[in-house]
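S.K.: One file: model_7.cif (mmCIF, C-alpha atoms).
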data_input
#
loop_
_atom_site.group_PDB
_atom_site.id
_atom_site.type_symbol
_atom_site.label_atom_id
_atom_site.label_comp_id
_atom_site.auth_asym_id
_atom_site.auth_seq_id
_atom_site.Cartn_x
_atom_site.Cartn_y
_atom_site.Cartn_z
ATOM 1 C CA MET A 118 -1.981 -34.375 -21.523
ATOM 2 C CA ARG A 119 -4.402 -34.699 -18.596
ATOM 3 C CA ILE A 120 -7.434 -32.376 -18.648
ATOM 4 C CA THR A 121 -8.412 -31.239 -15.161
ATOM 5 C CA THR A 122 -11.736 -29.965 -13.819
ATOM 6 C CA LYS A 123 -10.208 -26.498 -13.733
ATOM 7 C CA ASP A 124 -9.385 -26.721 -17.454
ATOM 8 C CA ILE A 125 -12.958 -27.820 -18.231
ATOM 9 C CA LEU A 126 -14.378 -24.866 -16.267
ATOM 10 C CA TRP A 127 -12.107 -22.444 -18.142
ATOM 11 C CA ILE A 128 -13.200 -23.908 -21.488
ATOM 12 C CA CYS A 129 -16.919 -23.824 -20.583
ATOM 13 C CA GLY A 130 -16.652 -20.240 -19.381
ATOM 14 C CA ILE A 131 -14.901 -19.120 -22.545
ATOM 15 C CA LEU A 132 -17.395 -20.952 -24.780
ATOM 16 C CA LEU A 133 -20.350 -19.311 -23.001
ATOM 17 C CA VAL A 134 -18.830 -15.869 -23.481
ATOM 18 C CA ILE A 135 -18.134 -16.559 -27.160
ATOM 19 C CA PHE A 136 -21.696 -17.828 -27.622
ATOM 20 C CA ALA A 137 -23.085 -14.588 -26.150
ATOM 21 C CA TRP A 138 -20.830 -12.521 -28.428
ATOM 22 C CA ILE A 139 -21.916 -14.451 -31.520
ATOM 23 C CA CYS A 140 -25.601 -14.016 -30.665
ATOM 24 C CA GLY A 141 -24.964 -10.300 -30.344
ATOM 25 C CA LEU A 142 -23.778 -10.102 -33.951
ATOM 26 C CA PHE A 143 -27.334 -10.613 -35.189
ATOM 27 C CA ILE A 144 -29.380 -8.328 -32.909
ATOM 28 C CA ASP A 145 -30.642 -4.949 -34.134
ATOM 29 C CA LEU A 146 -28.714 -1.742 -33.577
ATOM 30 C CA THR A 147 -29.577 1.093 -31.199
ATOM 31 C CA GLY A 148 -28.446 4.686 -30.704
ATOM 32 C CA ASP A 149 -25.027 5.579 -32.058
ATOM 33 C CA SER A 150 -24.537 2.157 -33.620
ATOM 34 C CA GLY A 151 -27.421 2.816 -36.015
ATOM 35 C CA LEU A 152 -25.828 6.116 -37.016
ATOM 36 C CA TYR A 153 -22.441 4.452 -37.562
ATOM 37 C CA ALA A 154 -24.068 1.725 -39.652
ATOM 38 C CA ALA A 155 -25.787 4.324 -41.846
ATOM 39 C CA ILE A 156 -22.504 6.186 -42.360
ATOM 40 C CA SER A 157 -20.710 2.932 -43.226
ATOM 41 C CA ARG A 158 -23.435 1.913 -45.689
ATOM 42 C CA GLN A 159 -23.417 5.312 -47.402
ATOM 43 C CA MET A 160 -19.619 5.193 -47.590
ATOM 44 C CA VAL A 161 -19.803 1.872 -49.417
ATOM 45 C CA GLU A 162 -22.630 3.016 -51.715
ATOM 46 C CA SER A 163 -20.836 6.247 -52.673
ATOM 47 C CA GLY A 164 -17.453 4.598 -53.101
ATOM 48 C CA ASP A 165 -15.867 7.484 -51.172
ATOM 49 C CA TRP A 166 -13.988 5.954 -48.239
ATOM 50 C CA ILE A 167 -12.184 9.194 -47.341
ATOM 51 C CA ASN A 168 -14.947 11.781 -46.874
ATOM 52 C CA LEU A 169 -17.427 10.371 -44.368
ATOM 53 C CA GLN A 170 -21.009 11.554 -44.851
ATOM 54 C CA ILE A 171 -24.476 11.084 -43.440
ATOM 55 C CA ASN A 172 -27.405 11.991 -45.708
ATOM 56 C CA GLY A 173 -25.173 14.110 -47.911
ATOM 57 C CA ARG A 174 -23.623 16.067 -45.043
ATOM 58 C CA PRO A 175 -20.009 15.681 -43.868
ATOM 59 C CA TYR A 176 -19.533 13.595 -40.714
ATOM 60 C CA LEU A 177 -16.522 14.899 -38.794
ATOM 61 C CA GLN A 178 -17.085 13.616 -35.247
ATOM 62 C CA LYS A 179 -15.120 10.344 -35.463
ATOM 63 C CA PRO A 180 -12.043 9.152 -37.405
ATOM 64 C CA HIS A 181 -12.170 6.536 -40.146
ATOM 65 C CA LEU A 182 -10.905 3.167 -38.869
ATOM 66 C CA PHE A 183 -14.208 1.969 -37.417
ATOM 67 C CA PHE A 184 -16.092 2.875 -40.599
ATOM 68 C CA TRP A 185 -13.492 1.219 -42.823
ATOM 69 C CA LEU A 186 -13.836 -2.027 -40.855
ATOM 70 C CA ALA A 187 -17.633 -1.873 -40.899
ATOM 71 C CA GLY A 188 -17.654 -0.874 -44.563
ATOM 72 C CA ALA A 189 -15.466 -3.848 -45.472
ATOM 73 C CA GLY A 190 -18.056 -6.174 -43.932
ATOM 74 C CA ILE A 191 -20.937 -4.467 -45.727
ATOM 75 C CA SER A 192 -19.021 -4.658 -49.035
ATOM 76 C CA ILE A 193 -18.541 -8.404 -48.629
ATOM 77 C CA LEU A 194 -21.754 -9.540 -46.922
ATOM 78 C CA GLY A 195 -24.299 -6.861 -47.812
ATOM 79 C CA ASN A 196 -26.238 -4.450 -45.622
ATOM 80 C CA THR A 197 -26.971 -6.590 -42.547
ATOM 81 C CA ASN A 198 -26.336 -6.423 -38.808
ATOM 82 C CA LEU A 199 -23.726 -9.185 -39.101
ATOM 83 C CA ALA A 200 -21.930 -7.446 -41.959
ATOM 84 C CA PHE A 201 -21.715 -4.154 -40.072
ATOM 85 C CA LYS A 202 -20.505 -5.724 -36.829
ATOM 86 C CA LEU A 203 -18.194 -8.496 -38.046
ATOM 87 C CA PHE A 204 -14.844 -6.795 -38.624
ATOM 88 C CA PRO A 205 -15.056 -4.304 -35.717
ATOM 89 C CA PHE A 206 -15.995 -7.326 -33.586
ATOM 90 C CA LEU A 207 -12.993 -9.387 -34.737
ATOM 91 C CA PHE A 208 -10.716 -6.381 -34.288
ATOM 92 C CA GLY A 209 -12.090 -5.894 -30.769
ATOM 93 C CA VAL A 210 -11.684 -9.571 -29.843
ATOM 94 C CA SER A 211 -7.959 -9.319 -30.575
ATOM 95 C CA SER A 212 -7.722 -6.941 -27.597
ATOM 96 C CA LEU A 213 -8.296 -9.925 -25.309
ATOM 97 C CA PHE A 214 -5.192 -11.628 -26.687
ATOM 98 C CA PHE A 215 -3.224 -8.413 -26.176
ATOM 99 C CA THR A 216 -4.625 -8.140 -22.634
ATOM 100 C CA TYR A 217 -3.544 -11.714 -21.914
ATOM 101 C CA ARG A 218 -0.020 -11.137 -23.223
ATOM 102 C CA TYR A 219 0.298 -7.796 -21.420
ATOM 103 C CA ALA A 220 -0.707 -9.205 -18.017
ATOM 104 C CA LYS A 221 1.408 -12.305 -18.619
ATOM 105 C CA TYR A 222 4.443 -10.126 -19.279
ATOM 106 C CA LEU A 223 3.856 -7.971 -16.185
ATOM 107 C CA PHE A 224 2.852 -10.756 -13.791
ATOM 108 C CA SER A 225 2.320 -14.395 -14.813
ATOM 109 C CA GLU A 226 0.558 -16.818 -17.146
ATOM 110 C CA ASN A 227 -2.340 -17.173 -14.727
ATOM 111 C CA ALA A 228 -2.642 -13.406 -14.347
ATOM 112 C CA GLY A 229 -2.847 -13.133 -18.137
ATOM 113 C CA ARG A 230 -5.712 -15.590 -18.282
ATOM 114 C CA ILE A 231 -7.608 -13.907 -15.472
ATOM 115 C CA ALA A 232 -7.086 -10.438 -16.989
ATOM 116 C CA ALA A 233 -8.450 -11.582 -20.361
ATOM 117 C CA LEU A 234 -11.409 -13.329 -18.692
ATOM 118 C CA VAL A 235 -12.276 -10.325 -16.500
ATOM 119 C CA ALA A 236 -12.061 -7.966 -19.487
ATOM 120 C CA GLY A 237 -14.036 -10.262 -21.785
ATOM 121 C CA THR A 238 -16.846 -10.835 -19.302
ATOM 122 C CA SER A 239 -17.178 -7.238 -18.100
ATOM 123 C CA GLN A 240 -20.492 -5.476 -18.682
ATOM 124 C CA MET A 241 -18.789 -2.791 -20.779
ATOM 125 C CA PHE A 242 -17.167 -5.394 -23.011
ATOM 126 C CA PHE A 243 -20.528 -7.040 -23.687
ATOM 127 C CA LEU A 244 -21.947 -3.616 -24.539
ATOM 128 C CA TYR A 245 -19.102 -3.019 -27.004
ATOM 129 C CA PHE A 246 -19.791 -6.344 -28.732
ATOM 130 C CA LEU A 247 -23.589 -6.426 -28.641
ATOM 131 C CA ASP A 248 -24.062 -2.816 -29.735
ATOM 132 C CA ILE A 249 -20.913 -1.990 -31.676
ATOM 133 C CA HIS A 250 -19.250 1.364 -30.870
ATOM 134 C CA THR A 251 -16.005 3.080 -31.798
ATOM 135 C CA ASP A 252 -14.784 2.037 -28.321
ATOM 136 C CA THR A 253 -14.890 -1.559 -29.564
ATOM 137 C CA VAL A 254 -12.020 -0.681 -31.862
ATOM 138 C CA LEU A 255 -10.355 1.900 -29.601
ATOM 139 C CA GLN A 256 -9.589 -0.569 -26.823
ATOM 140 C CA THR A 257 -7.619 -2.810 -29.174
ATOM 141 C CA GLY A 258 -5.248 -0.049 -30.207
ATOM 142 C CA VAL A 259 -4.787 1.140 -26.623
ATOM 143 C CA ILE A 260 -3.995 -2.272 -25.145
ATOM 144 C CA LEU A 261 -1.669 -3.116 -28.058
ATOM 145 C CA ALA A 262 0.168 0.153 -27.409
ATOM 146 C CA LEU A 263 0.470 -0.492 -23.662
ATOM 147 C CA TRP A 264 1.692 -4.067 -24.158
ATOM 148 C CA GLN A 265 4.323 -3.191 -26.734
ATOM 149 C CA LEU A 266 5.532 -0.009 -25.024
ATOM 150 C CA SER A 267 5.913 -1.960 -21.777
ATOM 151 C CA LEU A 268 8.007 -4.526 -23.623
ATOM 152 C CA HIS A 269 10.126 -1.736 -25.079
ATOM 153 C CA ILE A 270 10.702 -0.145 -21.670
ATOM 154 C CA GLY A 271 11.809 -3.568 -20.420
ATOM 155 C CA ASN A 272 14.023 -4.692 -23.305
ATOM 156 C CA GLY A 273 14.794 -1.520 -25.272
ATOM 157 C CA LYS A 274 13.984 -3.144 -28.633
ATOM 158 C CA LEU A 275 13.082 -0.784 -31.473
ATOM 159 C CA LEU A 276 10.487 -3.207 -32.893
ATOM 160 C CA ASN A 277 8.414 -3.016 -29.718
ATOM 161 C CA LEU A 278 8.591 0.787 -29.797
ATOM 162 C CA ILE A 279 7.351 0.808 -33.418
ATOM 163 C CA LEU A 280 4.548 -1.676 -32.667
ATOM 164 C CA GLY A 281 3.596 0.378 -29.629
ATOM 165 C CA PHE A 282 3.166 3.497 -31.708
ATOM 166 C CA ILE A 283 1.285 1.525 -34.361
ATOM 167 C CA GLY A 284 -1.135 0.732 -31.523
ATOM 168 C CA VAL A 285 -1.318 4.441 -30.666
ATOM 169 C CA GLY A 286 -1.995 5.228 -34.332
ATOM 170 C CA LEU A 287 -4.788 2.654 -34.556
ATOM 171 C CA ALA A 288 -6.332 4.017 -31.362
ATOM 172 C CA MET A 289 -6.238 7.569 -32.737
ATOM 173 C CA LEU A 290 -7.764 6.379 -36.009
ATOM 174 C CA SER A 291 -10.555 4.907 -33.901
ATOM 175 C CA LYS A 292 -11.483 7.827 -31.651
ATOM 176 C CA GLY A 293 -9.065 10.702 -32.047
ATOM 177 C CA PRO A 294 -6.640 12.173 -29.466
ATOM 178 C CA ILE A 295 -7.953 10.031 -26.599
ATOM 179 C CA GLY A 296 -6.220 7.132 -28.355
ATOM 180 C CA ALA A 297 -2.865 8.814 -27.711
ATOM 181 C CA ALA A 298 -3.720 10.293 -24.307
ATOM 182 C CA LEU A 299 -4.471 6.964 -22.597
ATOM 183 C CA PRO A 300 -1.138 5.264 -23.476
ATOM 184 C CA PHE A 301 0.771 8.518 -22.909
ATOM 185 C CA PHE A 302 -0.428 9.071 -19.346
ATOM 186 C CA THR A 303 -0.018 5.389 -18.481
ATOM 187 C CA VAL A 304 3.598 5.310 -19.675
ATOM 188 C CA PHE A 305 4.308 8.709 -18.097
ATOM 189 C CA LEU A 306 3.020 7.664 -14.670
ATOM 190 C CA TYR A 307 4.756 4.268 -14.894
ATOM 191 C CA LEU A 308 8.154 5.864 -15.560
ATOM 192 C CA LEU A 309 7.526 8.591 -13.001
ATOM 193 C CA LEU A 310 6.666 6.125 -10.235
ATOM 194 C CA ARG A 311 9.768 4.074 -11.059
ATOM 195 C CA LYS A 312 11.852 7.283 -11.018
ATOM 196 C CA GLU A 313 13.228 6.552 -14.475
ATOM 197 C CA TYR A 314 13.666 10.220 -15.268
ATOM 198 C CA LYS A 315 16.246 9.736 -18.028
ATOM 199 C CA GLN A 316 13.873 7.357 -19.805
ATOM 200 C CA LEU A 317 10.997 9.754 -19.193
ATOM 201 C CA PHE A 318 12.654 12.612 -21.110
ATOM 202 C CA HIS A 319 14.264 10.508 -23.846
ATOM 203 C CA PRO A 320 13.858 12.094 -27.335
ATOM 204 C CA LYS A 321 12.333 8.871 -28.745
ATOM 205 C CA TRP A 322 9.036 9.660 -27.047
#
Represent the structure from my file as structure tokens, please.

M.R.:
Amino acid sequence: MRITTKDILWICGILLVIFAWICGLFIDLTGDSGLYAAISRQMVESGDWINLQINGRPYLQKPHLFFWLAGAGISILGNTNLAFKLFPFLFGVSSLFFTYRYAKYLFSENAGRIAALVAGTSQMFFLYFLDIHTDTVLQTGVILALWQLSLHIGNGKLLNLILGFIGVGLAMLSKGPIGAALPFFTVFLYLLLRKEYKQLFHPKW
């Protein structure tokens, strides 16, 4: 297999992005991330992974998935920046694979690569990975849902429908109803623009 200059540039670009992400795993937290880290640490220390708390008071503003991922890292690696960020980071990185596959399905292999690169090098994506937020986890569920629901609309397979709604569930476990609203409106508008009215009002939805 002959490696071209274009291949080398792709590899160098990807390695630089990954290097920046990895460096971000060790920097200190700011704002909401510090609050989320404290909640995750207290969850691990109390052993109560169901009732989220901060300084003895219930925390009801965000669902559990993000804190479960962060808590798993703290349980394994101790109370450090890396431990808090690791599993939400890995979960978030998987969204790039889903983005690649989604764009590849809709357009082409090259479009998939470009979509993943644009997403992974966007300013917002760096923010999500350098200063971990619930959006880091939310985006993975949303893009998984969109990819799988698009496949289902195209091929009608039940498995893709189930995986699509697993993505919706993960997104809702990350940030509440917005995790369902984003895939819902995307699918709704897609079917509406294609005038697939029978599909639009199918009971499965």

S.K.: Have a look at atom CA of A:Gly273 and atom CA of A:Ala220 and let me know their distance in Å, one decimal.

M.R.: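 Between atom CA of A:Gly273 and atom CA of A:Ala220 the gap works out to 18.8 Å.
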
S.K.: Which residue gives the smallest distance to A:Ala187 among A:Ile260, A:Leu133, A:Ile139, A:Ile249, with all atoms listed in the file counted?

M.R.: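 Using all atoms listed in the file, the shortest distance to A:Ala187 belongs to A:Ile249.
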
S.K.: Quick one: residues within 10 Å of A:Phe201, only C-alpha atoms counted, chain neighbours fewer than 5 positions away excluded, as a list of chain:residue names?

M.R.: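 Final neighbour list, sorted by chain and number: A:Leu142, A:Phe143, A:Leu146, A:Ser150, A:Gly151, A:Tyr153, A:Ala154, A:Ala155, A:Ser157, A:Arg158, A:Phe184, A:Leu186, A:Ala187, A:Gly188, A:Ala189, A:Gly190, A:Ile191, A:Ser192, A:Leu194, A:Gly195, A:Asn196, A:Phe206, A:Ile249.
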
S.K.: Using only C-alpha atoms, please write the residues we just selected to a file, as a PDB file, in the frame of the given file.

M.R.:
ATOM      1  CA  LEU A 142     -23.778 -10.102 -33.951  1.00  0.00           C
ATOM      2  CA  PHE A 143     -27.334 -10.613 -35.189  1.00  0.00           C
ATOM      3  CA  LEU A 146     -28.714  -1.742 -33.577  1.00  0.00           C
ATOM      4  CA  SER A 150     -24.537   2.157 -33.620  1.00  0.00           C
ATOM      5  CA  GLY A 151     -27.421   2.816 -36.015  1.00  0.00           C
ATOM      6  CA  TYR A 153     -22.441   4.452 -37.562  1.00  0.00           C
ATOM      7  CA  ALA A 154     -24.068   1.725 -39.652  1.00  0.00           C
ATOM      8  CA  ALA A 155     -25.787   4.324 -41.846  1.00  0.00           C
ATOM      9  CA  SER A 157     -20.710   2.932 -43.226  1.00  0.00           C
ATOM     10  CA  ARG A 158     -23.435   1.913 -45.689  1.00  0.00           C
ATOM     11  CA  PHE A 184     -16.092   2.875 -40.599  1.00  0.00           C
ATOM     12  CA  LEU A 186     -13.836  -2.027 -40.855  1.00  0.00           C
ATOM     13  CA  ALA A 187     -17.633  -1.873 -40.899  1.00  0.00           C
ATOM     14  CA  GLY A 188     -17.654  -0.874 -44.563  1.00  0.00           C
ATOM     15  CA  ALA A 189     -15.466  -3.848 -45.472  1.00  0.00           C
ATOM     16  CA  GLY A 190     -18.056  -6.174 -43.932  1.00  0.00           C
ATOM     17  CA  ILE A 191     -20.937  -4.467 -45.727  1.00  0.00           C
ATOM     18  CA  SER A 192     -19.021  -4.658 -49.035  1.00  0.00           C
ATOM     19  CA  LEU A 194     -21.754  -9.540 -46.922  1.00  0.00           C
ATOM     20  CA  GLY A 195     -24.299  -6.861 -47.812  1.00  0.00           C
ATOM     21  CA  ASN A 196     -26.238  -4.450 -45.622  1.00  0.00           C
ATOM     22  CA  PHE A 206     -15.995  -7.326 -33.586  1.00  0.00           C
ATOM     23  CA  ILE A 249     -20.913  -1.990 -31.676  1.00  0.00           C
TER      24      ILE A 249
END

S.K.: Counting all atoms listed in the file, which residue out of A:Ser212, A:Asn198, A:Ser225, A:Asn172 sits closest to A:Leu247?

M.R.: A:Asn198

S.K.: Which of these, A:Leu234, A:Val254, A:Ala228, A:Ala288, has the shortest distance to A:Leu207 once you count only C-alpha atoms?

M.R.: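 Nearest candidate to A:Leu207 out of A:Leu234, A:Val254, A:Ala228, A:Ala288: A:Val254.
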
S.K.: Give the answer as one residue: which of A:Gly296, A:Pro180, A:Gly164, A:Gly281 has the shortest atom-to-atom distance to A:Trp322, using only C-alpha atoms?

M.R.: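 Checking each of A:Gly296, A:Pro180, A:Gly164, A:Gly281 against A:Trp322, counting only C-alpha atoms, the winner is A:Gly281.
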
S.K.: Do you know which residues the PyMOL selection byres ((chain A and resi 306-320) around 12) returns on this file, as a ChimeraX atom specification?

M.R.: /A:263,266-267,269-271,273,299-305,321-322

S.K.: Identify which of the residues A:His181, A:Tyr219, A:Ala233, A:Glu162 lies closest to A:Gly286, counting all atoms listed in the file when measuring atom-to-atom distances.

M.R.: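 Nearest candidate to A:Gly286 out of A:His181, A:Tyr219, A:Ala233, A:Glu162: A:His181.
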
S.K.: Could you tell me how far atom CA of A:Trp185 lies from atom CA of A:Leu290, in Å and to one decimal?

M.R.: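 Going from atom CA of A:Trp185 over to atom CA of A:Leu290, I get 10.3 Å.
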
S.K.: Rounded to one decimal, what separation in Å do you get between atom CA of A:Gly209 and atom CA of A:Phe183?

M.R.: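 Rounded to one decimal, the two atoms are 10.5 Å apart.
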